[in-house]
Structures are given as C-alpha cells and as structure tokens.
Amino acid sequence: MRLSRLYSNRPERFAPVVFARGLNVVFAEIRRPENRRKDTHNLGKTTLGRIIDFCLLAGADKKFFLLKHAELFGGFVFFLEIELLDGSFVTVRRSVAELTRVSIRQHRERSGDLVALPDASWDHAAVGFDRAKELLDGFLDLRDLKPWPYRKVVGYQLRAQEDFREVFHL
C-alpha cells in the first residue's frame, strides 16, 4: 500500500497533495519575511495526517476538527488515491457532511481527479461505514497483518506529537 494522491472538491482551499514513491516527509517552513520570527508550529502538518486518517476511514466524533468546525468544512469531500500491492489503484471518497457514506473505486492507472465522477461510475457508491472498512481492508490486502484489520496498524502509524507520550497506546 502506497499513498498516491490526496485531494478535495475544493482545490482552491485544499491544494492536492501528490505523494512521491519512497519516503515522503512533511516539512513546513516559513518563507514570508514578515513571518520569520514566528515558529513552525500550527502550519498544518498534523492536520494533513488527520485528513489522511479520515480518508482511511478513521472514526470521527464531534471533537474531530472537521466536525467541530462544520461551518468551514461541511462542504468538503476528500479523495485519497492509494496504490495497491499489484500496481493498481483504489480511490476512497469521503464527505464531511455524510461521514458514514463512503465511495470506493478501483482502477488500473492513476486516476487524476474523480471529483466529478457520478455515483454510477464508482465500484461501491455511498456504502455504509463498516462495509466500506471491510471493502478497503480487502482492497489493501495487507495479509501480513491478519487476523487484524488494516485500521489497527494505520492508527498506530498516523500519530500526532501528543500520541507519543505513551508509545504503545493509541
């Protein structure tokens, strides 16, 4: 499993993120001279991880920033394209407004932008949350994790700074 691309239906507010093959590093620096004295905290590194986790079908409660600020994020739909072990791709579509409805599409090549793709063209359109997790687990086919589902490992790998206070606790 390799992340390929993360984008939204609002590219003017959330620019697409294209992941390189190999190691990807999220690095933030302040480039504007008027902001040089500020620190590099709160630039969006953790937020990017949370959106990736959201697209990998993490649960979300009312404290989750996308829901907590629904007036800002309610219209967002996020898309995560993942390269699978066999070289094909799967794209997950998840809307902030409809958290429990997820669409999934498998394709042979990088898809570009599926924002305007109608529901009828998705392999699995607006399926329930639990079913979507089962489907994604099957697509990812991370057999070395079995008998555990992919979410057990993903939650451990996508941790924020405060999550490292207790190394073995998620």
# chains A, B, ... in the order shown; residues from 1 in each chain; ligands from 1
>>> closest_atom_pairs(of="region 108-157 of chain A", to="region 6-26 of chain A", cutoff="9 Å", atoms="only C-alpha atoms", output="CSV")
residue,atom,partner,partner_atom,distance
A:Asp113,CA,A:Tyr7,CA,8.2
A:Val115,CA,A:Asn9,CA,5.8
A:Ala116,CA,A:Asn9,CA,8.5
>>> atom_distance(atom1="CA of Glu109 (chain A)", atom2="CA of Gly87 (chain A)")
8.2 Å
>>> select_by_dssp(residues="chain A", states="helix (DSSP H, G or I)", output="VMD selection string")
chain A and resid 33 to 35 45 to 55 65 to 68 70 to 73 119 to 121 129 to 140 143 to 145 150 to 157 161 to 165
>>> select_by_dssp(residues="chain A", states="strand (DSSP E or B)", output="PyMOL selection string")
chain A and resi 2-8+17-18+77-83+89-95+101-107+124-128
>>> closest_residue(among="A:Lys38, A:Leu135, A:Gln106, A:Asp123", to="Asp86 (chain A)", atoms="only C-alpha atoms")
A:Gln106
>>> residues_around(residues="Phe54 (chain A)", least_positions_apart="4", cutoff="12 Å", atoms="only C-alpha atoms", output="PyMOL selection string")
chain A and resi 6+47-50+58-61+64-67+77-80+92-96+99-100+102+129+133+151+154-155+158
>>> write_last_selection(atoms="N, CA and C atoms", output="CSV table (one decimal), in the first residue's frame")
chain,number,residue,atom,x,y,z
A,6,LEU,N,-3.8,12.9,-2.5
A,6,LEU,CA,-4.9,13.3,-1.6
A,6,LEU,C,-5.4,14.7,-2.2
A,47,THR,N,-2.6,18.3,10.8
A,47,THR,CA,-3.9,18.3,10.1
A,47,THR,C,-3.9,17.4,8.9
A,48,LEU,N,-2.8,17.5,8.1
A,48,LEU,CA,-2.6,16.6,7.0
A,48,LEU,C,-2.7,15.1,7.4
A,49,GLY,N,-2.1,14.8,8.4
A,49,GLY,CA,-2.2,13.4,8.9
A,49,GLY,C,-3.6,13.0,9.3
A,50,ARG,N,-4.3,13.9,9.9
A,50,ARG,CA,-5.7,13.6,10.3
A,50,ARG,C,-6.6,13.5,9.1
A,58,ALA,N,-11.0,6.4,9.5
A,58,ALA,CA,-11.0,6.5,10.9
A,58,ALA,C,-12.3,7.0,11.4
A,59,GLY,N,-12.7,6.6,12.6
A,59,GLY,CA,-13.9,7.1,13.2
A,59,GLY,C,-13.8,8.6,13.5
A,60,ALA,N,-14.9,9.3,13.6
A,60,ALA,CA,-14.8,10.7,13.9
A,60,ALA,C,-15.9,11.1,14.9
A,61,ASP,N,-15.6,11.8,15.9
A,61,ASP,CA,-16.6,12.3,16.9
A,61,ASP,C,-16.8,13.8,16.7
A,64,PHE,N,-13.7,16.0,16.5
A,64,PHE,CA,-12.8,16.0,15.4
A,64,PHE,C,-12.9,17.3,14.6
A,65,PHE,N,-11.8,17.9,14.3
A,65,PHE,CA,-11.8,19.3,13.8
A,65,PHE,C,-12.7,19.5,12.6
A,66,LEU,N,-12.9,18.5,11.7
A,66,LEU,CA,-13.7,18.7,10.5
A,66,LEU,C,-15.2,18.9,11.0
A,67,LEU,N,-15.6,18.2,12.0
A,67,LEU,CA,-16.9,18.3,12.6
A,67,LEU,C,-17.1,19.4,13.5
A,77,VAL,N,-15.4,17.4,0.4
A,77,VAL,CA,-15.3,15.9,0.1
A,77,VAL,C,-13.9,15.6,-0.2
A,78,PHE,N,-13.3,14.7,0.5
A,78,PHE,CA,-11.9,14.3,0.3
A,78,PHE,C,-11.8,13.0,-0.5
A,79,PHE,N,-10.7,12.9,-1.2
A,79,PHE,CA,-10.4,11.8,-2.1
A,79,PHE,C,-9.0,11.3,-1.8
A,80,LEU,N,-8.8,10.1,-1.5
A,80,LEU,CA,-7.4,9.5,-1.3
A,80,LEU,C,-7.2,8.4,-2.3
A,92,VAL,N,-10.6,6.4,-2.5
A,92,VAL,CA,-11.7,6.5,-1.4
A,92,VAL,C,-12.2,7.9,-1.4
A,93,ARG,N,-13.5,8.0,-1.5
A,93,ARG,CA,-14.2,9.3,-1.4
A,93,ARG,C,-15.0,9.4,-0.1
A,94,ARG,N,-14.7,10.4,0.7
A,94,ARG,CA,-15.4,10.6,2.0
A,94,ARG,C,-15.8,12.0,2.2
A,95,SER,N,-17.0,12.2,2.4
A,95,SER,CA,-17.6,13.6,2.6
A,95,SER,C,-17.7,13.9,4.1
A,96,VAL,N,-17.4,15.2,4.4
A,96,VAL,CA,-17.6,15.6,5.8
A,96,VAL,C,-19.0,15.6,6.2
A,99,LEU,N,-20.5,11.5,6.8
A,99,LEU,CA,-19.4,10.7,7.3
A,99,LEU,C,-19.5,9.2,7.1
A,100,THR,N,-20.7,8.7,7.3
A,100,THR,CA,-20.9,7.3,7.3
A,100,THR,C,-21.2,6.7,5.9
A,102,VAL,N,-19.4,6.2,2.2
A,102,VAL,CA,-18.1,6.2,1.6
A,102,VAL,C,-18.2,5.5,0.2
A,129,PHE,N,-20.4,2.8,6.5
A,129,PHE,CA,-19.1,3.0,7.0
A,129,PHE,C,-18.4,1.7,7.3
A,133,LYS,N,-15.1,-0.1,5.4
A,133,LYS,CA,-13.9,-0.5,6.0
A,133,LYS,C,-13.5,-1.9,5.6
A,151,ARG,N,-6.9,-1.1,10.0
A,151,ARG,CA,-7.1,0.1,10.9
A,151,ARG,C,-6.2,-0.1,12.1
A,154,VAL,N,-2.8,1.3,10.9
A,154,VAL,CA,-2.9,2.7,10.4
A,154,VAL,C,-3.0,3.6,11.6
A,155,GLY,N,-3.8,3.3,12.5
A,155,GLY,CA,-4.0,4.2,13.7
A,155,GLY,C,-2.7,4.4,14.4
A,158,LEU,N,-0.2,6.7,12.0
A,158,LEU,CA,-0.6,8.1,11.8
A,158,LEU,C,-0.9,8.8,13.1
>>> closest_residue(among="A:Ser88, A:Phe27, A:Met1, A:Lys45", to="Tyr150 (chain A)", atoms="only C-alpha atoms")
A:Met1
>>> atom_distance(atom1="CA of Phe76 (chain A)", atom2="CA of Ile52 (chain A)")
13.8 Å
>>> closest_residue(among="A:Ile30, A:Leu84, A:Ala70, A:Ser4", to="Ser111 (chain A)", atoms="only C-alpha atoms")
A:Ser4
>>> closest_residue(among="A:Leu85, A:Leu142, A:Leu57, A:Ile51", to="Asp130 (chain A)", atoms="only C-alpha atoms")
A:Leu57
>>> atom_distance(atom1="CA of Ala132 (chain A)", atom2="CA of Glu98 (chain A)")
13.2 Å
>>> closest_residue(among="A:Ile82, A:Leu56, A:Leu136, A:Ala97", to="His69 (chain A)", atoms="only C-alpha atoms")
A:Ala97
